[in-house]
Protein chains: 4
Amino acid sequence: MAYSGDPVLAEELLFKPEHSLIDQSLNSRLGATTTNGDGFGIGWYGEGEEPSVFKGTDPAWNDRNLREVTRQIRTPMFFAHIRASTGTAVQRSNCHPFRHGHWLWMHNGLVEGFQHLKRDLVVAVDPSLYPDIEGSTDSEVLFFLAITFGLKDDPVSAVERAVRLVEDVAARHGVANPVQMTVATTDGQAMWAFRYSSVGRSRSLYFSTKVSKLLELHPDVEVLHRLGAETRFVVSEPLRDLSGAWNEVPESSCGMVRPGEAEIRPFRPMALTA
Amino acid sequence: MAYSGDPVLAEELLFKPEHSLIDQSLNSRLGATTTNGDGFGIGWYGEGEEPSVFKGTDPAWNDRNLREVTRQIRTPMFFAHIRASTGTAVQRSNCHPFRHGHWLWMHNGLVEGFQHLKRDLVVAVDPSLYPDIEGSTDSEVLFFLAITFGLKDDPVSAVERAVRLVEDVAARHGVANPVQMTVATTDGQAMWAFRYSSVGRSRSLYFSTKVSKLLELHPDVEVLHRLGAETRFVVSEPLRDLSGAWNEVPESSCGMVRPGEAEIRPFRPMALTA
Amino acid sequence: MAYSGDPVLAEELLFKPEHSLIDQSLNSRLGATTTNGDGFGIGWYGEGEEPSVFKGTDPAWNDRNLREVTRQIRTPMFFAHIRASTGTAVQRSNCHPFRHGHWLWMHNGLVEGFQHLKRDLVVAVDPSLYPDIEGSTDSEVLFFLAITFGLKDDPVSAVERAVRLVEDVAARHGVANPVQMTVATTDGQAMWAFRYSSVGRSRSLYFSTKVSKLLELHPDVEVLHRLGAETRFVVSEPLRDLSGAWNEVPESSCGMVRPGEAEIRPFRPMALTA
Amino acid sequence: MAYSGDPVLAEELLFKPEHSLIDQSLNSRLGATTTNGDGFGIGWYGEGEEPSVFKGTDPAWNDRNLREVTRQIRTPMFFAHIRASTGTAVQRSNCHPFRHGHWLWMHNGLVEGFQHLKRDLVVAVDPSLYPDIEGSTDSEVLFFLAITFGLKDDPVSAVERAVRLVEDVAARHGVANPVQMTVATTDGQAMWAFRYSSVGRSRSLYFSTKVSKLLELHPDVEVLHRLGAETRFVVSEPLRDLSGAWNEVPESSCGMVRPGEAEIRPFRPMALTA
């Protein structure tokens with residue numbers, strides 16, 4: 001889940017929505033696995049330019065520090081992630097969101113056959129970035145490939161190139177349809193969300209309708225009056241059942257949100273050698 | 001889950017049955033909660049008279065030490081428990097099985113209104129035993145009440161008296177139907193299993209049919225030929241779907257198993273002052 | 001360590017002083033044990049009236065979340081504690097500071113023979129408070145005794161009565177000189193610090209000199225110019241070696257600090273029945 | 001610490017020697033850091049051919065499961081390690097001993113400048129082994145280099161080639177004297193111990209005198225009568241102060257122990273291209 005908008009208490013985002021992220025981790029409805037109990041993480045912007053991250057390997061619903069800390073976080077940009085491991089170790093360095101400089105990155109999905117592709121993918125990471133890889137997941141390698149290809153200058157094109165590299169390497173190893181992903185990334189100002197899979201059947205991803213429009217539809221829903229005009233959520237599953245509130249990000253698309261601006265465009269992994 | 005019989009590898013009991021305890025903890029079918037991710041524990045008898053216990057607060061399915069250790073445990077008496085907390089803290093000292101001397105105890109269920117009854121219950125524990133209480137759960141207090149009332153001499157009568165005390169204390173506090181329990185306990189030689197609830201609708205509990213009888217029914221099921229004649233399982237949910245293999249422990253009953261002997265009898269909490 | 005004063009970043013308090021709390025936990029100079037690696041905790045006031053607490057059972061120097069979170073905490077009242085267990089379990093619920101309502105409490109020292117005295121002490125806690133006890137330490141029971149005796153109205157007298165109760169109970173059990181303590185407690189506005197031991201040889205406790213006075217002594221020490229006029233530290237060991245900066249709290253004394261006010265007075269456990 | 005000999009209880013090795021590994025981790029005398037609280041691990045041979053490993057990131061002295069499990073391990077080959085991190089994350093996958101097939105490996109020391117050399121070293125690992133690297137430490141990469149160079153056929157020569165590769169890569173990056181190591185490795189039958197550093201000043205390493213000889217020297221030391229004739233210890237620091245019991249492994253040497261056989265020979269990293 002990603003939140004961008006007026007500063008709010010993280011606790012309100014994590015624990016209070018009707019169908020909150022914590023409830024989702026106990027019993028996810030739309031996800032691929034029934035229980036996401038393999039670690040969690042949050043990232044947020046506050047003091048200083050670099051975001052802070054708080055991660056744990058226990059199930060999010062049991063982490064009392066998480067609850068304590070989110071009671072004190074007031075932030076305009078908040079990322080939260082619940083992990084369901086696809087094989088790699090359950091350890092803090094494998095929890096999302098990943099951070100590099102003032103960027104955050106989180107990923108749902110997987111790189112098929114990652115154990116066999118990993119060496120070729122890691123070798124493609126800029127050698128000067130290589131020492132910054134801390135964990136052992138496909139998600140973090142994807143992040144470092146995107147940075148290698150210019151994430152910090154042109155996020156959409158960088159992710160397209162990273163995904164295409166994975167698909168090329170996979171093809172060389174005889175792995176079909178290797179990428180399955182929804183990704184959210186941010187530099188603290190804007191937020192980008194990607195929905196893509198090589199096979200064309202990606203996991204769900206939603207973004208929230210503009211608050212001004214929602215207020216017209218639901219003038220009597222009290223919580224909407226408390227949300228700032230710039231509020232945008234990007235989520236794997238709708239946070240509560242409110243007609244007109246949630247819009248599915250289309251297959252093979254990328255959305256971008258920043259104060260006063262929001263757009264969706266096609267996401268097309270580009271051939272590296274084209 | 002409790003196993004009594006010829007020494008077997010704990011790994012075979014935990015990880016290999018078709019519908020194993022580990023799978024159950026990820027997605028329990030008959031239990032009251034959908035995910036049991038609030039800690040786990042195993043207890044077993046080997047070197048020395050006192051059993052060893054291994055417990056953790058991470059989900060059992062993520063504990064790599066659990067898998068490593070169970071590959072090396074060969075034991076004739078094995079207890080395993082997956083916890084779904086009913087409110088008390090997720091910490092090692094609250095994980096089952098509990099141990100006192102050479103006894104083990106594990107409990108599914110709860111004492112309704114425990115936070116309000118706790119002080120009166122704890123005060124009823126033998127003061128010389130009181131310092132041995134390590135955690136904060138209803139299950140452990142029930143264990144210490146049973147020890148106070150003679151568990152080590154006459155287990156069934158001691159548990160009956162402990163349950164009756166809880167019901168009496170609850171009545172004084174206006175809490176109706178306080179006890180919901182399936183309990184397994186052992187001294188390393190015999191194993192007792194209890195199914196009881198004040199309201200008369202207890203969680204499920206099964207014991208396995210004698211291996212000799214199962215072999216007559218299923219001469220072609222290979223695994224049965226590897227089990228010793230004295231093998232008995234007591235489980236919350238059948239480990240695999242085999243006709244005639246699982247017998248429900250009746251409501252308000254207690255079963256006892258030891259080599260060459262097995263019996264079921266009524267369980268009737270006795271008035272303390274009758 | 002306790003800080004009261006103008007809002008500062010917790011990171012500056014924990015990680016930046018020359019001889020910081022984190023370094024102390026790796027290699028304490030004046031404490032009773034050489035390594036304090038049995039858990040840690042911080043408590044602070046920010047959003048809302050109730051303070052937040054962040055605690056862990058790993059050594060503080062390894063907790064990456066601690067570092068991340070303290071980078072974002074700006075607070076006028078900050079408590080931090082590194083635990084060296086005197087026997088009770090290393091678990092979150094045993095880590096300091098303890099919280100009740102908007103009060104925090106932390107304790108260095110021990111109650112001698114606590115396992116034997118515990119039942120009598122716990123029974124003396126107000127029954128309506130009893131369910132709020134979460135852990136198994138002497139320190140938390142002392143806190144609850146102090147609340148029972150009026151901590152929230154008259155802190156000094158309440159702690160005196162709590163200590164006297166412990167000494168009375170200990171005498172009945174034949175335990176001599178049971179209390180060894182330095183305690184810090186706060187309601188978010190004022191902070192009280194106690195130094196006492198039944199035998200009259202308490203662990204060290206220091207409070208910092210007024211910043212205005214320090215500036216006269218050390219006009220060239222740059223960090224002093226960044227501290228607000230109301231800044232006060234209470235610590236077990238001086239944070240850095242600066243002449244005139246640290247004042248020992250005398251044996252059997254209690255200090256109180258709040259904006260514009262600071263006093264030290266004798267601490268004399270009173271007979272309960274006098 | 002490594003033990004080879006008649007099957008003994010691991011508990012006796014870890015917790016009972018006068019100056020045991022657990023005490024050493026709290027307060028090491030000869031090591032480079034004062035407190036080794038960054039994780040621990042044990043490895044042993046029992047059921048099956050592959051050894052089991054049990055590792056944790058909490059300090060060994062606080063791990064109650066460690067105590068429980070070692071009470072039940074009776075083994076002829078036992079490795080134990082207490083970690084003091086030289087920078088890489090404190091997580092289970094970074095704890096020693098490392099395992100590959102039926103081999104165990106543990107390392108004290110470091111590869112200087114590892115973050116900068118890591119990519120070149122990892123690329124030198126056999127690509128078919130690469131996916132088996134689980135953690136992020138220099139120690140594990142050294143292990144995989146040794147396997148790449150034939151550890152399982154000719155251990156001494158393989159470690160010599162691995163060390164020489166590290167020294168070559170370091171030279172190319174301008175890092176002087178990169179290797180500092182004491183290493184113990186085993187296939188379950190024999191045990192090899194290495195003491196080497198590029199600069200020629202390695203950490204301490206000792207092996208124990210033959211029991212038959214020790215009995216001649218100390219016929220009255222009771223514990224010696226309980227040790228089997230083949231008992232050999234390899235340790236960083238002597239386990240107890242017994243004259244004639246401990247022999248220092250010389251600088252740049254390698255020792256090998258197996259039932260009925262023990263030898264020490266020079267360890268000379270060979271040029272790969274010579």
# chains A, B, ... in the order shown; residues from 1 in each chain; ligands from 1
>>> interface_residues(of="chain A", to="chain C", cutoff="8 Å", atoms="only C-alpha atoms", output="list in words")
Gly46, Glu47, Ser52, Val53, Phe54, Lys55, Asn65, Glu68, Val69, Arg71 and Gln72 of chain A
>>> write_last_selection(atoms="C-alpha atoms", output="mmCIF file, in the first residue's frame")
data_model
loop_
_atom_site.group_PDB
_atom_site.id
_atom_site.type_symbol
_atom_site.label_atom_id
_atom_site.label_comp_id
_atom_site.auth_asym_id
_atom_site.auth_seq_id
_atom_site.Cartn_x
_atom_site.Cartn_y
_atom_site.Cartn_z
ATOM 1 C CA GLY A 46 9.937 12.918 7.746
ATOM 2 C CA GLU A 47 13.084 14.415 9.253
ATOM 3 C CA SER A 52 13.252 5.807 7.268
ATOM 4 C CA VAL A 53 12.263 2.172 7.004
ATOM 5 C CA PHE A 54 10.983 -0.105 9.733
ATOM 6 C CA LYS A 55 10.920 -3.814 8.941
ATOM 7 C CA ASN A 65 6.617 -1.910 17.941
ATOM 8 C CA GLU A 68 3.740 2.022 18.696
ATOM 9 C CA VAL A 69 5.763 3.634 15.954
ATOM 10 C CA ARG A 71 1.086 6.155 16.282
ATOM 11 C CA GLN A 72 3.886 8.747 15.973
#
>>> select_by_dssp(residues="segment 93-190 of chain D", states="alpha helix (DSSP H)", output="NGL selection string")
:D and (114-123 or 138-148 or 155-172)
>>> atom_distance(atom1="atom CA of Ala2 of chain A", atom2="atom CA of Trp61 of chain A")
18.4 Å
>>> residues_around(residues="Gln91 of chain A", least_positions_apart="6", cutoff="9 Å", atoms="only C-alpha atoms", output="VMD selection string")
(chain A and resid 38 to 39 56 to 57 135) or (chain D and resid 91 to 93)
>>> residues_around(residues="Asp138 of chain D", least_positions_apart="6", cutoff="8 Å", atoms="only C-alpha atoms", output="ChimeraX atom specification")
/D:110-111,114,118
>>> residues_around(residues="Arg161 of chain A", least_positions_apart="5", cutoff="12 Å", atoms="only C-alpha atoms", output="list in words")
Ala124, Leu142, Phe143, Phe144, Leu145, Ala146, Ile147, Thr148, Phe149, Gly150, Leu151, Asp154, Pro155, Val156, Val166, Glu167, Asp168, Phe267, Arg268, Pro269, Met270, Ala271, Leu272, Thr273 and Ala274 of chain A
>>> atom_distance(atom1="atom CA of Ser139 of chain C", atom2="atom CA of Glu49 of chain C")
23.6 Å
>>> closest_residue(among="C:Ser136, C:Asn62, C:Ser236, C:Thr231", to="His107 of chain C", atoms="only C-alpha atoms")
C:Ser236
>>> atom_distance(atom1="atom CA of Gly109 of chain B", atom2="atom CA of Thr182 of chain B")
6.6 Å
>>> select_by_dssp(residues="segment 44-265 of chain B", states="strand (DSSP E)", output="ChimeraX atom specification")
/B:44,52-56,74-82,98-100,103-111,179-186,191-197,206-208,232-235,246-248,253-258,261-265
>>> residues_around(residues="His116 of chain A", least_positions_apart="6", cutoff="9 Å", atoms="only C-alpha atoms", output="PyMOL selection string")
(chain A and resi 170+173) or (chain D and resi 128+130-131)
>>> write_last_selection(atoms="all heavy atoms", output="PDB file, in the first residue's frame")
ATOM      1  N   ALA A 170      16.071 -14.533 -18.986  1.00  0.00           N
ATOM      2  CA  ALA A 170      15.226 -15.713 -18.804  1.00  0.00           C
ATOM      3  C   ALA A 170      15.123 -16.501 -20.110  1.00  0.00           C
ATOM      4  O   ALA A 170      15.207 -17.731 -20.120  1.00  0.00           O
ATOM      5  CB  ALA A 170      13.844 -15.297 -18.319  1.00  0.00           C
ATOM      6  N   HIS A 173      17.930 -18.680 -20.660  1.00  0.00           N
ATOM      7  CA  HIS A 173      17.937 -19.857 -19.780  1.00  0.00           C
ATOM      8  C   HIS A 173      16.713 -20.745 -19.997  1.00  0.00           C
ATOM      9  O   HIS A 173      16.483 -21.683 -19.229  1.00  0.00           O
ATOM     10  CB  HIS A 173      17.969 -19.415 -18.308  1.00  0.00           C
ATOM     11  CG  HIS A 173      19.320 -18.957 -17.849  1.00  0.00           C
ATOM     12  ND1 HIS A 173      19.806 -17.698 -18.115  1.00  0.00           N
ATOM     13  CD2 HIS A 173      20.304 -19.585 -17.143  1.00  0.00           C
ATOM     14  CE1 HIS A 173      21.006 -17.562 -17.581  1.00  0.00           C
ATOM     15  NE2 HIS A 173      21.338 -18.687 -16.994  1.00  0.00           N
TER      16      HIS A 173
ATOM     17  N   SER D 128      27.489 -22.990 -10.978  1.00  0.00           N
ATOM     18  CA  SER D 128      26.498 -23.981 -10.546  1.00  0.00           C
ATOM     19  C   SER D 128      26.345 -23.975  -9.021  1.00  0.00           C
ATOM     20  O   SER D 128      25.353 -24.454  -8.476  1.00  0.00           O
ATOM     21  CB  SER D 128      26.899 -25.378 -11.021  1.00  0.00           C
ATOM     22  OG  SER D 128      28.007 -25.848 -10.283  1.00  0.00           O
ATOM     23  N   TYR D 130      26.729 -20.999  -7.313  1.00  0.00           N
ATOM     24  CA  TYR D 130      26.311 -19.643  -6.954  1.00  0.00           C
ATOM     25  C   TYR D 130      24.933 -19.560  -6.292  1.00  0.00           C
ATOM     26  O   TYR D 130      24.771 -18.872  -5.273  1.00  0.00           O
ATOM     27  CB  TYR D 130      26.382 -18.738  -8.192  1.00  0.00           C
ATOM     28  CG  TYR D 130      25.879 -17.355  -7.928  1.00  0.00           C
ATOM     29  CD1 TYR D 130      26.706 -16.381  -7.368  1.00  0.00           C
ATOM     30  CD2 TYR D 130      24.555 -17.007  -8.200  1.00  0.00           C
ATOM     31  CE1 TYR D 130      26.232 -15.102  -7.101  1.00  0.00           C
ATOM     32  CE2 TYR D 130      24.076 -15.739  -7.933  1.00  0.00           C
ATOM     33  CZ  TYR D 130      24.904 -14.796  -7.392  1.00  0.00           C
ATOM     34  OH  TYR D 130      24.434 -13.551  -7.120  1.00  0.00           O
ATOM     35  N   PRO D 131      23.909 -20.258  -6.828  1.00  0.00           N
ATOM     36  CA  PRO D 131      22.581 -20.132  -6.200  1.00  0.00           C
ATOM     37  C   PRO D 131      22.528 -20.633  -4.761  1.00  0.00           C
ATOM     38  O   PRO D 131      21.577 -20.329  -4.045  1.00  0.00           O
ATOM     39  CB  PRO D 131      21.676 -20.991  -7.100  1.00  0.00           C
ATOM     40  CG  PRO D 131      22.406 -21.105  -8.390  1.00  0.00           C
ATOM     41  CD  PRO D 131      23.862 -21.092  -8.040  1.00  0.00           C
TER      42      PRO D 131
END
>>> closest_residue(among="A:Glu160, A:Thr185, A:Gly174, A:Arg83", to="Trp103 of chain A", atoms="only C-alpha atoms")
A:Thr185
>>> residues_around(residues="Glu112 of chain C", least_positions_apart="5", cutoff="9 Å", atoms="only C-alpha atoms", output="CSV table (one decimal) with N, CA, C and O atoms, in the first residue's frame")
chain,number,residue,atom,x,y,z
C,117,LEU,N,9.7,-13.5,46.9
C,117,LEU,CA,8.8,-12.5,47.4
C,117,LEU,C,7.7,-12.1,46.4
C,117,LEU,O,6.7,-11.5,46.8
C,170,ALA,N,10.2,-8.6,52.4
C,170,ALA,CA,11.5,-9.2,52.4
C,170,ALA,C,11.9,-9.6,53.8
C,170,ALA,O,12.4,-10.8,54.1
C,175,VAL,N,14.8,-12.1,54.0
C,175,VAL,CA,15.8,-11.5,52.9
C,175,VAL,C,16.2,-10.2,53.4
C,175,VAL,O,15.4,-9.3,53.6
C,176,ALA,N,17.5,-10.0,53.6
C,176,ALA,CA,18.1,-8.7,54.1
C,176,ALA,C,18.4,-7.8,52.9
C,176,ALA,O,18.8,-8.3,51.8
C,177,ASN,N,18.3,-6.5,53.1
C,177,ASN,CA,18.7,-5.5,52.1
C,177,ASN,C,18.1,-5.9,50.7
C,177,ASN,O,18.9,-6.0,49.8
C,178,PRO,N,16.8,-5.9,50.5
C,178,PRO,CA,16.3,-6.4,49.3
C,178,PRO,C,16.4,-5.4,48.1
C,178,PRO,O,16.4,-5.9,47.0
C,179,VAL,N,16.3,-4.1,48.4
C,179,VAL,CA,16.2,-3.2,47.3
C,179,VAL,C,17.5,-2.6,46.8
C,179,VAL,O,18.2,-2.1,47.6
C,180,GLN,N,17.7,-2.6,45.5
C,180,GLN,CA,18.8,-1.9,44.9
C,180,GLN,C,18.2,-1.2,43.7
C,180,GLN,O,17.7,-1.9,42.8
>>> closest_residue(among="B:Asn247, B:Ser212, B:Thr86, B:Thr137", to="Leu121 of chain B", atoms="only C-alpha atoms")
B:Thr137
>>> closest_residue(among="B:Leu217, B:Leu242, B:Val141, B:Pro266", to="Tyr196 of chain B", atoms="only C-alpha atoms")
B:Pro266
